[in-house]
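In what follows, a single structure is set out as structure tokens and then discussed.
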Amino acid sequence: MGDSWVQLRPDDAARLAGVSVKTVYHWINGTKTPSPQVQQLMEIRAGGLFPWQGWEGWRMLPETGRMVAPNGYSFMPGELAWWSLEKALRAELQRENAALRVQVQTLRAQIQEQAANNLLTFPKAKKNRA
């Protein structure tokens with residue numbers, strides 16, 4: 001961890017870490033050291049970087065709260081709400097697709113059974129040749 005958290009104002013760092021402003025000044029002067037968890041939290045807040053696996057290249061702009069993707073596109077929370085909606089819609093479509101597959105299999109079996117009982121034949125579909 002670097003010291004980018006020192007870019008925070010002491011009162012902001014104290015509020016974020018849940019400590020007194022006096023403790024923050026001890027950290028700044030080097031007489032005390034914040035815990036690794038507190039230091040990481042302040043690094044994220046001050047530097048805007050996400051230290052977790054899978055979030056490489058993503059960052060947060062502390063001034064605006066915008067999340068920035070590795071490709072440079074940035075988003076506000078409201079602009080990301082559609083992701084959860086898209087995920088829910090995809091799950092619903094997958095359930096409907098699975099139900100329709102079962103229905104198609106059932107109908108095919110019924111057609112085959114009727115064809116066998118009635119000795120009906122169906123013309124084979126012609127294949128398109130390119």
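Convention: chains lettered A, B, ... in structure tokens order; per-chain residue numbering from 1; ligands numbered from 1 as shown.
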
Residue neighbourhood range 69-74 of chain A, 12 Å, only C-alpha atoms, exclusion window fewer than 5 positions, as a ChimeraX atom specification: /A:48-50,54-61,64,79-80

To test your reading of the structure, identify every residue in chain A that backbone DSSP assigns to strand (DSSP E or B), and report it as a compact mmCIF listing (two decimals) with all heavy atoms, in the first residue's frame.
# COMPACT_ATOMS: atom_id res chain seq x y z
N LEU A 49 -8.79 3.23 -6.38
CA LEU A 49 -8.50 1.93 -6.99
C LEU A 49 -9.21 0.81 -6.24
O LEU A 49 -9.37 0.86 -5.03
CB LEU A 49 -6.98 1.68 -6.97
CG LEU A 49 -6.15 2.71 -7.71
CD1 LEU A 49 -4.67 2.40 -7.54
CD2 LEU A 49 -6.52 2.75 -9.18
N ARG A 59 -11.53 1.88 -11.40
CA ARG A 59 -11.25 2.84 -10.35
C ARG A 59 -12.49 3.69 -10.09
O ARG A 59 -13.43 3.69 -10.87
CB ARG A 59 -10.06 3.70 -10.70
CG ARG A 59 -10.22 4.51 -11.96
CD ARG A 59 -8.89 5.14 -12.42
NE ARG A 59 -9.04 5.71 -13.74
CZ ARG A 59 -9.41 6.96 -13.98
NH1 ARG A 59 -9.64 7.78 -12.98
NH2 ARG A 59 -9.53 7.39 -15.21
N MET A 60 -12.43 4.38 -8.97
CA MET A 60 -13.52 5.27 -8.57
C MET A 60 -12.96 6.68 -8.54
O MET A 60 -11.85 6.90 -8.06
CB MET A 60 -14.03 4.88 -7.19
CG MET A 60 -15.20 5.69 -6.71
SD MET A 60 -16.73 5.41 -7.63
CE MET A 60 -17.11 3.74 -7.19
N LEU A 61 -13.71 7.62 -9.07
CA LEU A 61 -13.31 9.03 -8.99
C LEU A 61 -13.88 9.59 -7.69
O LEU A 61 -15.10 9.82 -7.61
CB LEU A 61 -13.82 9.81 -10.20
CG LEU A 61 -13.30 9.37 -11.56
CD1 LEU A 61 -13.95 10.17 -12.68
CD2 LEU A 61 -11.78 9.49 -11.62
N ARG A 66 -17.98 8.63 -9.63
CA ARG A 66 -18.13 7.86 -10.87
C ARG A 66 -17.18 6.67 -10.87
O ARG A 66 -16.03 6.79 -10.47
CB ARG A 66 -17.87 8.72 -12.09
CG ARG A 66 -18.90 9.83 -12.29
CD ARG A 66 -18.72 10.55 -13.60
NE ARG A 66 -19.17 9.76 -14.73
CZ ARG A 66 -20.44 9.65 -15.13
NH1 ARG A 66 -21.38 10.29 -14.48
NH2 ARG A 66 -20.75 8.92 -16.19
N MET A 67 -17.67 5.51 -11.30
CA MET A 67 -16.84 4.33 -11.46
C MET A 67 -16.34 4.33 -12.89
O MET A 67 -17.11 4.53 -13.83
CB MET A 67 -17.64 3.05 -11.17
CG MET A 67 -16.77 1.83 -11.22
SD MET A 67 -17.48 0.32 -10.50
CE MET A 67 -19.12 0.29 -11.11
N VAL A 68 -15.02 4.10 -13.06
CA VAL A 68 -14.40 4.16 -14.38
C VAL A 68 -13.90 2.77 -14.75
O VAL A 68 -13.15 2.14 -14.00
CB VAL A 68 -13.24 5.16 -14.41
CG1 VAL A 68 -12.64 5.25 -15.81
CG2 VAL A 68 -13.71 6.54 -13.94
N SER A 74 -17.13 5.79 -17.95
CA SER A 74 -17.45 5.99 -16.54
C SER A 74 -18.95 5.92 -16.33
O SER A 74 -19.74 6.18 -17.25
CB SER A 74 -16.89 7.33 -16.05
OG SER A 74 -17.54 8.41 -16.68
N PHE A 75 -19.32 5.55 -15.11
CA PHE A 75 -20.72 5.30 -14.79
C PHE A 75 -21.05 5.86 -13.41
O PHE A 75 -20.22 5.83 -12.51
CB PHE A 75 -21.00 3.79 -14.74
CG PHE A 75 -20.51 3.03 -15.93
CD1 PHE A 75 -19.25 2.46 -15.94
CD2 PHE A 75 -21.31 2.88 -17.04
CE1 PHE A 75 -18.79 1.75 -17.03
CE2 PHE A 75 -20.85 2.18 -18.14
CZ PHE A 75 -19.59 1.62 -18.13

Range 61-116 of chain A: residues DSSP assigns to alpha helix (DSSP H), reported as a ChimeraX atom specification: /A:77-116

Length of the CA of Gln103 in chain A to CA of Leu85 in chain A vector [Å]: 27.1 Å

Within 9 Å of range 19-28 of chain A using only C-alpha atoms, minus same-chain residues under 6 positions, as a ChimeraX atom specification: /A:6,10-13,34

Store the residues of this selection in a file with all heavy atoms, as a PDB file, in the first residue's frame.
ATOM      1  N   VAL A   6      -3.119   9.875   2.297  1.00  0.00           N
ATOM      2  CA  VAL A   6      -2.837  11.152   2.947  1.00  0.00           C
ATOM      3  C   VAL A   6      -3.396  12.320   2.149  1.00  0.00           C
ATOM      4  O   VAL A   6      -3.374  13.447   2.622  1.00  0.00           O
ATOM      5  CB  VAL A   6      -1.324  11.347   3.228  1.00  0.00           C
ATOM      6  CG1 VAL A   6      -0.810  10.303   4.176  1.00  0.00           C
ATOM      7  CG2 VAL A   6      -0.523  11.372   1.961  1.00  0.00           C
ATOM      8  N   PRO A  10      -7.738  15.396   7.036  1.00  0.00           N
ATOM      9  CA  PRO A  10      -7.698  14.636   8.293  1.00  0.00           C
ATOM     10  C   PRO A  10      -9.084  14.319   8.857  1.00  0.00           C
ATOM     11  O   PRO A  10      -9.317  13.206   9.338  1.00  0.00           O
ATOM     12  CB  PRO A  10      -6.894  15.533   9.239  1.00  0.00           C
ATOM     13  CG  PRO A  10      -5.982  16.276   8.315  1.00  0.00           C
ATOM     14  CD  PRO A  10      -6.806  16.534   7.076  1.00  0.00           C
ATOM     15  N   ASP A  11     -10.009  15.279   8.798  1.00  0.00           N
ATOM     16  CA  ASP A  11     -11.347  14.996   9.334  1.00  0.00           C
ATOM     17  C   ASP A  11     -12.085  13.957   8.493  1.00  0.00           C
ATOM     18  O   ASP A  11     -12.821  13.132   9.028  1.00  0.00           O
ATOM     19  CB  ASP A  11     -12.170  16.276   9.497  1.00  0.00           C
ATOM     20  CG  ASP A  11     -12.296  17.082   8.221  1.00  0.00           C
ATOM     21  OD1 ASP A  11     -11.367  17.064   7.397  1.00  0.00           O
ATOM     22  OD2 ASP A  11     -13.342  17.748   8.042  1.00  0.00           O
ATOM     23  N   ASP A  12     -11.868  13.960   7.168  1.00  0.00           N
ATOM     24  CA  ASP A  12     -12.474  12.932   6.304  1.00  0.00           C
ATOM     25  C   ASP A  12     -11.873  11.561   6.598  1.00  0.00           C
ATOM     26  O   ASP A  12     -12.590  10.559   6.675  1.00  0.00           O
ATOM     27  CB  ASP A  12     -12.270  13.268   4.829  1.00  0.00           C
ATOM     28  CG  ASP A  12     -13.096  14.459   4.373  1.00  0.00           C
ATOM     29  OD1 ASP A  12     -14.127  14.760   5.029  1.00  0.00           O
ATOM     30  OD2 ASP A  12     -12.712  15.093   3.370  1.00  0.00           O
ATOM     31  N   ALA A  13     -10.548  11.514   6.764  1.00  0.00           N
ATOM     32  CA  ALA A  13      -9.884  10.242   7.072  1.00  0.00           C
ATOM     33  C   ALA A  13     -10.353   9.716   8.421  1.00  0.00           C
ATOM     34  O   ALA A  13     -10.598   8.510   8.581  1.00  0.00           O
ATOM     35  CB  ALA A  13      -8.366  10.426   7.065  1.00  0.00           C
ATOM     36  N   PRO A  34      -1.941   3.033  10.806  1.00  0.00           N
ATOM     37  CA  PRO A  34      -3.300   2.473  10.719  1.00  0.00           C
ATOM     38  C   PRO A  34      -3.227   0.973  10.417  1.00  0.00           C
ATOM     39  O   PRO A  34      -2.243   0.490   9.859  1.00  0.00           O
ATOM     40  CB  PRO A  34      -3.933   3.242   9.561  1.00  0.00           C
ATOM     41  CG  PRO A  34      -2.787   3.734   8.744  1.00  0.00           C
ATOM     42  CD  PRO A  34      -1.649   3.930   9.693  1.00  0.00           C
TER      43      PRO A  34
END

Between CA of Leu16 in chain A and CA of Ala46 in chain A, distance in Å (one decimal):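 For CA of Leu16 in chain A relative to CA of Ala46 in chain A, the distance reads 10.7 Å.
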
Residues near Gln37 in chain A, cut-off 12 Å, only C-alpha atoms, skip fewer than 5 positions along chain, as a ChimeraX atom specification: /A:1,16-17,42-44,51
